[in-house]
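Printed here is query21.csv (CSV, C-alpha atoms):
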chain,number,residue,atom,x,y,z
A,986,MET,CA,19.3,-39.5,60.9
A,987,ASN,CA,21.6,-37.8,63.4
A,988,LEU,CA,23.6,-34.7,62.7
A,989,LYS,CA,24.7,-33.9,66.3
A,990,ASP,CA,27.8,-31.9,66.7
A,991,GLN,CA,28.0,-31.0,63.0
A,992,THR,CA,27.7,-27.5,61.6
A,993,ALA,CA,25.8,-26.6,58.5
A,994,ILE,CA,26.0,-23.5,56.4
A,995,VAL,CA,22.7,-22.8,54.6
A,996,THR,CA,22.7,-19.8,52.3
A,997,GLY,CA,19.4,-17.9,52.0
A,998,GLY,CA,17.8,-19.3,55.1
A,999,SER,CA,15.6,-16.4,56.2
A,1000,ARG,CA,12.4,-17.8,54.6
A,1001,GLY,CA,10.8,-20.4,52.4
A,1002,ILE,CA,12.8,-23.4,51.4
A,1003,GLY,CA,16.0,-22.1,53.1
A,1004,ARG,CA,14.3,-21.7,56.4
A,1005,ALA,CA,12.7,-25.2,56.2
A,1006,ILE,CA,16.1,-26.7,55.5
A,1007,CYS,CA,17.7,-24.8,58.5
A,1008,ILE,CA,14.9,-26.0,60.9
A,1009,LYS,CA,15.0,-29.6,59.6
A,1010,LEU,CA,18.8,-29.9,60.0
A,1011,ALA,CA,18.6,-28.3,63.4
A,1012,SER,CA,15.9,-30.8,64.5
A,1013,LEU,CA,18.5,-33.5,63.6
A,1014,GLY,CA,21.1,-31.9,65.9
A,1015,ALA,CA,23.1,-29.7,63.5
A,1016,ASN,CA,24.3,-26.2,64.4
A,1017,ILE,CA,23.1,-23.7,61.8
A,1018,VAL,CA,24.8,-20.8,60.2
A,1019,THR,CA,22.7,-19.0,57.6
A,1020,CYS,CA,22.8,-15.8,55.6
A,1021,TYR,CA,20.4,-13.3,54.1
A,1022,ALA,CA,20.6,-10.5,51.7
A,1023,ARG,CA,17.7,-8.5,53.3
A,1024,GLY,CA,15.2,-9.1,56.0
A,1025,ALA,CA,17.2,-9.3,59.2
A,1026,GLU,CA,14.0,-9.9,61.3
A,1027,ALA,CA,13.0,-12.9,59.2
A,1028,ALA,CA,16.5,-14.3,59.6
A,1029,ASP,CA,16.4,-13.9,63.3
A,1030,GLU,CA,13.1,-15.9,63.3
A,1031,THR,CA,15.0,-18.7,61.6
A,1032,VAL,CA,17.8,-18.6,64.2
A,1033,LYS,CA,15.3,-18.7,67.0
A,1034,ALA,CA,13.4,-21.7,65.5
A,1035,CYS,CA,16.7,-23.5,65.2
A,1036,GLU,CA,17.9,-22.7,68.7
A,1037,ASP,CA,14.6,-24.1,70.0
A,1038,TYR,CA,16.1,-27.5,69.2
A,1039,GLY,CA,19.1,-26.8,71.5
A,1040,VAL,CA,21.7,-26.1,68.8
A,1041,LYS,CA,23.8,-23.1,68.2
A,1042,SER,CA,22.7,-20.8,65.4
A,1043,LEU,CA,23.5,-17.4,63.8
A,1044,ALA,CA,22.5,-15.4,60.8
A,1045,ASP,CA,24.8,-13.0,58.9
A,1046,GLN,CA,23.9,-10.5,56.2
A,1047,ALA,CA,25.9,-11.6,53.2
A,1048,TYR,CA,25.6,-11.4,49.4
A,1049,VAL,CA,26.6,-14.7,48.0
A,1050,SER,CA,27.5,-13.0,44.7
A,1051,LYS,CA,30.5,-11.5,46.5
A,1052,ALA,CA,33.3,-13.9,47.3
A,1053,GLU,CA,34.5,-11.9,50.3
A,1054,ASP,CA,31.0,-12.2,51.9
A,1055,VAL,CA,30.9,-15.9,51.4
A,1056,ASP,CA,34.4,-16.3,52.9
A,1057,ARG,CA,33.3,-14.3,55.9
A,1058,LEU,CA,30.3,-16.5,56.3
A,1059,PHE,CA,32.6,-19.6,56.6
A,1060,GLU,CA,34.8,-17.8,59.1
A,1061,GLU,CA,31.6,-17.2,61.2
A,1062,GLY,CA,30.9,-20.9,60.9
A,1063,LYS,CA,34.3,-21.8,62.2
A,1064,LYS,CA,34.0,-19.4,65.1
A,1065,LEU,CA,30.7,-20.9,66.1
A,1066,THR,CA,31.8,-24.5,66.6
A,1067,GLY,CA,35.3,-24.8,65.1
A,1068,SER,CA,34.4,-26.7,61.9
A,1069,VAL,CA,31.9,-26.9,59.0
A,1070,GLU,CA,30.7,-30.3,57.8
A,1071,ILE,CA,27.7,-29.4,55.7
A,1072,LEU,CA,27.0,-26.8,53.0
A,1073,VAL,CA,23.6,-26.2,51.5
A,1074,ASN,CA,23.6,-23.7,48.6
A,1075,ASN,CA,20.0,-22.5,48.6
A,1076,ALA,CA,20.3,-18.7,48.0
A,1077,GLY,CA,18.8,-17.8,44.6
A,1078,ILE,CA,16.9,-15.2,42.6
A,1079,THR,CA,14.8,-14.9,39.5
A,1080,ARG,CA,14.6,-12.2,36.9
A,1081,ASP,CA,12.1,-13.8,34.5
A,1082,ASN,CA,11.3,-12.4,31.1
A,1083,LEU,CA,11.1,-13.4,27.4
A,1084,ILE,CA,14.4,-13.6,25.7
A,1085,ILE,CA,13.9,-10.6,23.5
A,1086,ARG,CA,13.2,-8.5,26.7
A,1087,LEU,CA,15.8,-10.0,28.9
A,1088,THR,CA,18.5,-7.4,29.7
A,1089,ASP,CA,22.2,-8.0,30.3
A,1090,GLU,CA,21.6,-7.0,33.9
A,1091,ASP,CA,18.8,-9.5,34.3
A,1092,PHE,CA,21.1,-12.3,33.0
A,1093,GLU,CA,24.1,-11.2,35.0
A,1094,GLN,CA,22.3,-10.8,38.3
A,1095,VAL,CA,20.8,-14.3,38.2
A,1096,MET,CA,24.1,-15.9,37.1
A,1097,ASN,CA,26.1,-14.0,39.8
A,1098,THR,CA,23.8,-15.1,42.6
A,1099,ASN,CA,22.7,-18.6,41.6
A,1100,LEU,CA,25.8,-19.9,39.8
A,1101,LYS,CA,28.8,-17.9,41.0
A,1102,GLY,CA,27.4,-17.7,44.5
A,1103,SER,CA,27.2,-21.5,44.6
A,1104,PHE,CA,30.8,-21.7,43.3
A,1105,TYR,CA,32.2,-19.3,45.9
A,1106,ALA,CA,30.6,-21.3,48.7
A,1107,MET,CA,31.7,-24.7,47.3
A,1108,ARG,CA,35.3,-23.4,47.0
A,1109,ALA,CA,35.3,-22.1,50.6
A,1110,ALA,CA,33.8,-25.4,51.8
A,1111,ALA,CA,36.4,-27.5,50.0
A,1112,LYS,CA,39.2,-25.8,51.9
A,1113,LEU,CA,37.8,-26.9,55.2
A,1114,MET,CA,36.3,-30.3,54.2
A,1115,MET,CA,39.5,-31.5,52.4
A,1116,ARG,CA,41.5,-31.1,55.6
A,1117,LYS,CA,38.9,-33.0,57.6
A,1118,ARG,CA,38.4,-35.6,54.8
A,1119,TYR,CA,34.7,-35.4,55.3
A,1120,GLY,CA,31.9,-33.2,54.0
A,1121,ARG,CA,28.4,-33.0,52.6
A,1122,ILE,CA,27.3,-30.5,50.0
A,1123,VAL,CA,23.9,-30.1,48.5
A,1124,ASN,CA,23.2,-27.5,45.8
A,1125,LEU,CA,19.7,-26.3,45.1
A,1126,SER,CA,19.0,-26.6,41.4
A,1127,SER,CA,15.6,-26.7,39.8
A,1128,ILE,CA,13.6,-28.8,37.3
A,1129,VAL,CA,13.9,-25.7,35.1
A,1130,GLY,CA,17.6,-26.4,35.0
A,1131,ILE,CA,16.9,-29.9,33.6
A,1132,TYR,CA,13.9,-29.3,31.3
A,1133,GLY,CA,14.0,-25.6,30.6
A,1134,ASN,CA,11.1,-23.2,30.7
A,1135,ALA,CA,9.9,-20.3,28.5
A,1136,GLY,CA,10.7,-16.9,30.1
A,1137,GLN,CA,13.4,-18.3,32.3
A,1138,VAL,CA,16.5,-18.6,30.0
A,1139,ASN,CA,18.7,-16.9,32.6
A,1140,TYR,CA,17.4,-19.0,35.5
A,1141,ALA,CA,17.5,-22.2,33.6
A,1142,ALA,CA,21.1,-21.5,32.5
A,1143,SER,CA,22.1,-20.8,36.1
A,1144,LYS,CA,20.5,-23.9,37.5
A,1145,ALA,CA,21.8,-26.1,34.7
A,1146,GLY,CA,25.3,-24.8,35.6
A,1147,VAL,CA,24.8,-25.7,39.2
A,1148,ILE,CA,24.2,-29.3,38.1
A,1149,GLY,CA,27.4,-29.3,36.1
A,1150,MET,CA,29.4,-27.9,39.0
A,1151,THR,CA,27.8,-30.4,41.4
A,1152,ARG,CA,28.9,-33.4,39.3
A,1153,SER,CA,32.4,-32.0,38.6
A,1154,PHE,CA,33.0,-31.2,42.3
A,1155,ALA,CA,31.8,-34.7,43.3
A,1156,ARG,CA,34.3,-36.3,40.9
A,1157,GLU,CA,37.1,-34.0,42.0
A,1158,LEU,CA,36.8,-34.5,45.8
A,1159,GLY,CA,35.0,-37.8,46.3
A,1160,SER,CA,38.4,-39.4,47.3
A,1161,ARG,CA,38.5,-37.0,50.2
A,1162,GLY,CA,35.2,-38.3,51.7
A,1163,ILE,CA,33.2,-35.4,50.4
A,1164,THR,CA,29.8,-36.0,48.7
A,1165,CYS,CA,28.1,-33.4,46.5
A,1166,ASN,CA,24.6,-33.7,45.2
A,1167,ALA,CA,21.9,-31.4,43.8
A,1168,VAL,CA,18.2,-31.2,44.6
A,1169,ALA,CA,15.9,-30.0,41.9
A,1170,PRO,CA,12.6,-28.7,43.3
A,1171,GLY,CA,9.5,-28.5,41.1
A,1172,PHE,CA,6.6,-26.2,41.9
A,1173,ILE,CA,7.0,-25.4,45.6
A,1174,ARG,CA,4.7,-23.3,47.8
A,1175,THR,CA,6.7,-20.3,48.8
A,1176,ASP,CA,6.3,-16.5,49.2
A,1177,MET,CA,7.0,-16.2,45.4
A,1178,THR,CA,4.4,-18.7,44.4
A,1179,ASP,CA,1.8,-17.7,46.9
A,1180,ILE,CA,1.1,-14.5,45.0
A,1181,LEU,CA,-0.3,-16.5,42.1
A,1182,PRO,CA,-4.1,-16.6,41.8
A,1183,GLU,CA,-5.6,-19.7,43.3
A,1184,GLU,CA,-7.0,-20.8,40.0
A,1185,THR,CA,-3.5,-20.7,38.5
A,1186,LYS,CA,-2.1,-22.8,41.3
A,1187,ALA,CA,-5.0,-25.3,40.9
A,1188,GLU,CA,-4.2,-25.6,37.1
A,1189,LEU,CA,-0.5,-26.2,37.9
A,1190,ALA,CA,-1.4,-28.8,40.4
A,1191,LYS,CA,-3.2,-30.8,37.7
A,1192,GLN,CA,0.1,-31.1,35.8
A,1193,ILE,CA,1.7,-32.8,38.8
A,1194,PRO,CA,1.2,-36.6,39.0
A,1195,LEU,CA,1.0,-36.5,42.8
A,1196,GLY,CA,-1.8,-33.9,42.5
A,1197,ARG,CA,-0.5,-31.2,44.8
A,1198,ILE,CA,2.0,-28.4,45.0
A,1199,GLY,CA,5.1,-29.2,47.0
A,1200,THR,CA,6.0,-27.7,50.3
A,1201,PRO,CA,9.4,-26.3,51.6
A,1202,GLU,CA,9.4,-29.2,54.0
A,1203,ASP,CA,9.3,-31.7,51.1
A,1204,VAL,CA,12.6,-30.2,49.8
A,1205,ALA,CA,14.1,-30.0,53.3
A,1206,ASN,CA,13.5,-33.7,53.9
A,1207,ALA,CA,15.4,-34.6,50.7
A,1208,VAL,CA,18.3,-32.3,51.7
A,1209,ALA,CA,18.4,-33.8,55.2
A,1210,PHE,CA,18.8,-37.3,53.8
A,1211,LEU,CA,21.6,-36.3,51.4
A,1212,VAL,CA,23.7,-34.7,54.2
A,1213,SER,CA,23.2,-37.7,56.5
A,1214,GLU,CA,25.3,-40.8,57.0
A,1215,GLU,CA,22.5,-42.8,55.4
A,1216,ALA,CA,23.4,-41.2,52.1
A,1217,ALA,CA,27.2,-41.8,52.4
A,1218,TYR,CA,27.4,-43.7,49.1
A,1219,ILE,CA,25.3,-41.2,47.1
A,1220,THR,CA,27.2,-38.5,45.2
A,1221,ALA,CA,27.1,-36.6,41.8
A,1222,GLN,CA,23.3,-37.1,41.7
A,1223,VAL,CA,20.4,-34.8,40.9
A,1224,ILE,CA,17.3,-35.6,43.0
A,1225,GLU,CA,14.1,-34.2,41.7
A,1226,VAL,CA,11.6,-33.1,44.3
A,1227,SER,CA,8.7,-32.3,42.0
A,1228,GLY,CA,5.9,-34.7,42.5
A,1229,GLY,CA,6.7,-36.1,39.1
A,1230,MET,CA,6.2,-32.8,37.3
A,1231,MET,CA,8.3,-32.4,34.1
As structure tokens, how would this structure be written, given the file I've shared?
Amino acid sequence: MNLKDQTAIVTGGSRGIGRAICIKLASLGANIVTCYARGAEAADETVKACEDYGVKSLADQAYVSKAEDVDRLFEEGKKLTGSVEILVNNAGITRDNLIIRLTDEDFEQVMNTNLKGSFYAMRAAAKLMMRKRYGRIVNLSSIVGIYGNAGQVNYAASKAGVIGMTRSFARELGSRGITCNAVAPGFIRTDMTDILPEETKAELAKQIPLGRIGTPEDVANAVAFLVSEEAAYITAQVIEVSGGMM
């Protein structure tokens, strides 16, 4: 796979899955533009890791829940290399709680970041990619958006919505040479999951047919394939990266 001379915008790339995606795409030759809500130092580490592969990279503080921030991020991408060929919507948050304790704010914050944030970025990408008649978009959903999960009504709704947008976008702009797919990770080892007790993680691993918790790199590899030329005839699909967990 070769992404040389292409520019990728990856939202939420300061750590975890987002950082792994940035580094993987950079290793294949893509220039990387990423954003972070907080943690400038961590974002700078991602930029440095990408630049080690000889590509251009920058990180900008932006809240994907704000359309003006997302539009500014794409302007930064255009300034860096003149074009944007790849978008990976990775930024997301959780506000988990049982439905009777879930507040309006909990629901709205998750929807604003996970669903509306993805929409804003897809809309901005479409304006650039339609002119070029080429583009690759990958949206990060979740197996929770497919199968649901107790205590995550807001998160499940946002990630199910991402799948709906992905398939609609793919149908709308496929004739312009733009593919749009979703990746649905299962239980992945990140900062959020690392705080769980080891015995809890061991029990969860037993529910996974492959017998292990996934890594950010597992997700990054799937994303890299979907944005490559090797996946040119794949669109409107949801790829589960879950080790078979349902």
| field | Distance of CA of Thr1031 (chain A) from CA of Arg1004 (chain A), expressed in Å to one decimal place | value |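 Separation of CA of Arg1004 (chain A) and CA of Thr1031 (chain A): 6.0 Å.
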| request: For CA of Gly1171 (chain A) and CA of Ser1127 (chain A), determine how far apart the two atoms are, in Å to one decimal place. | output: 6.5 Å
| message | Can you pull out the residues contacting Phe1104 (chain A)? Cut-off 12 Å, using all atoms listed in the file, and skip same-chain residues under 2 positions away; I want them as number ranges by chain. | response | A: 1049-1052, 1055-1056, 1072-1074, 1076, 1096-1102, 1106-1111, 1122, 1124, 1143, 1146-1151, 1153-1154
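The residue that comes closest to Arg1057 (chain A), out of A:Thr1019, A:Asn1075, A:Asn1134, A:Asn1082 and on the basis of all atoms listed in the file, is A:Thr1019.
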| For Tyr1140 (chain A), which of A:Glu1090, A:Asp1081, A:Asp1179, A:Glu1030 is the closest residue, counting all atoms listed in the file? | A:Asp1081
| said: Using all atoms listed in the file for the distances, tell me which of A:Ala1190, A:Glu1225, A:Met986, A:Thr1164 is nearest to Gly1130 (chain A). | reply: A:Glu1225
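Nearest residue to Asn1016 (chain A), choosing from A:Val1095, A:Ile1078, A:Ala1034, A:Val1168 and counting all atoms listed in the file: A:Ala1034.
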| field | Within 12 Å of Phe1059 (chain A) using only C-alpha atoms, minus same-chain residues under 5 positions, as number ranges by chain | value | A: 992-996, 1017-1020, 1043-1045, 1047, 1049, 1052-1054, 1064-1072, 1105-1114
| query | Could you name the residues that touch Arg1174 (chain A) at 10 Å or less, counting all atoms listed in the file, but leaving out those on the same chain fewer than 5 positions away, as a ChimeraX atom specification? | reply | /A:1001-1002,1179-1180,1186,1197-1202
| field | Long-range neighbours of Gly1228 (chain A) as a PyMOL selection string, 7 Å cut-off, only C-alpha atoms, 6 positions minimum in chain | value | chain A and resi 1193-1195
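Counting all atoms listed in the file and comparing A:Gln1222, A:Ser1160, A:Ser1042, A:Ser1213, the residue that lies closest to Arg1118 (chain A) is A:Ser1160.
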Write out as a tab-separated table the residues of region 1133-1192 of chain A that have any atom within 12 Å of an atom of region 1208-1212 of chain A, one row each with the nearest atom pair and its distance in Å to one decimal, counting all atoms listed in the file, sorted by chain and then rising number.
residue	atom	partner	partner_atom	distance
A:Ile1163	CA	A:Val1212	CA	10.3
A:Thr1164	CA	A:Val1212	CA	8.3
A:Cys1165	CA	A:Leu1211	CA	8.6
A:Asn1166	CA	A:Leu1211	CA	7.4
A:Ala1167	CA	A:Val1208	CA	8.7
A:Val1168	CA	A:Val1208	CA	7.2
A:Ala1169	CA	A:Val1208	CA	10.3
A:Pro1170	CA	A:Val1208	CA	10.8
Restricted to C-alpha atoms, what would the selected residues look like written as a short mmCIF file (atom, residue, chain, number, x, y, z; two decimals), keeping the file's coordinate frame?
data_model
loop_
_atom_site.label_atom_id
_atom_site.label_comp_id
_atom_site.auth_asym_id
_atom_site.auth_seq_id
_atom_site.Cartn_x
_atom_site.Cartn_y
_atom_site.Cartn_z
CA ILE A 1163 33.20 -35.40 50.40
CA THR A 1164 29.80 -36.00 48.70
CA CYS A 1165 28.10 -33.40 46.50
CA ASN A 1166 24.60 -33.70 45.20
CA ALA A 1167 21.90 -31.40 43.80
CA VAL A 1168 18.20 -31.20 44.60
CA ALA A 1169 15.90 -30.00 41.90
CA PRO A 1170 12.60 -28.70 43.30
#
| note | Using only C-alpha atoms, the residue out of A:Glu1060, A:Glu1188, A:Asp990, A:Glu1157 with shortest distance to Ala1011 (chain A) is A:Asp990
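Picture a line from CA of Asp1203 (chain A) to CA of Gly1003 (chain A); it runs 11.9 Å.
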Extract, using only C-alpha atoms, all DNA, RNA and protein residues at most 8 Å from Ala1141 (chain A), discarding same-chain residues fewer than 3 positions from it, and format them as a PDB file with C-alpha atoms, in the frame of the given file.
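Output below, filename around-v9.pdb:
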ATOM      1  CA  SER A1127      15.600 -26.700  39.800  1.00  0.00           C
ATOM      2  CA  VAL A1129      13.900 -25.700  35.100  1.00  0.00           C
ATOM      3  CA  GLY A1130      17.600 -26.400  35.000  1.00  0.00           C
ATOM      4  CA  ILE A1131      16.900 -29.900  33.600  1.00  0.00           C
ATOM      5  CA  GLY A1133      14.000 -25.600  30.600  1.00  0.00           C
ATOM      6  CA  ASN A1134      11.100 -23.200  30.700  1.00  0.00           C
ATOM      7  CA  GLN A1137      13.400 -18.300  32.300  1.00  0.00           C
ATOM      8  CA  VAL A1138      16.500 -18.600  30.000  1.00  0.00           C
ATOM      9  CA  LYS A1144      20.500 -23.900  37.500  1.00  0.00           C
ATOM     10  CA  ALA A1145      21.800 -26.100  34.700  1.00  0.00           C
TER      11      ALA A1145
END
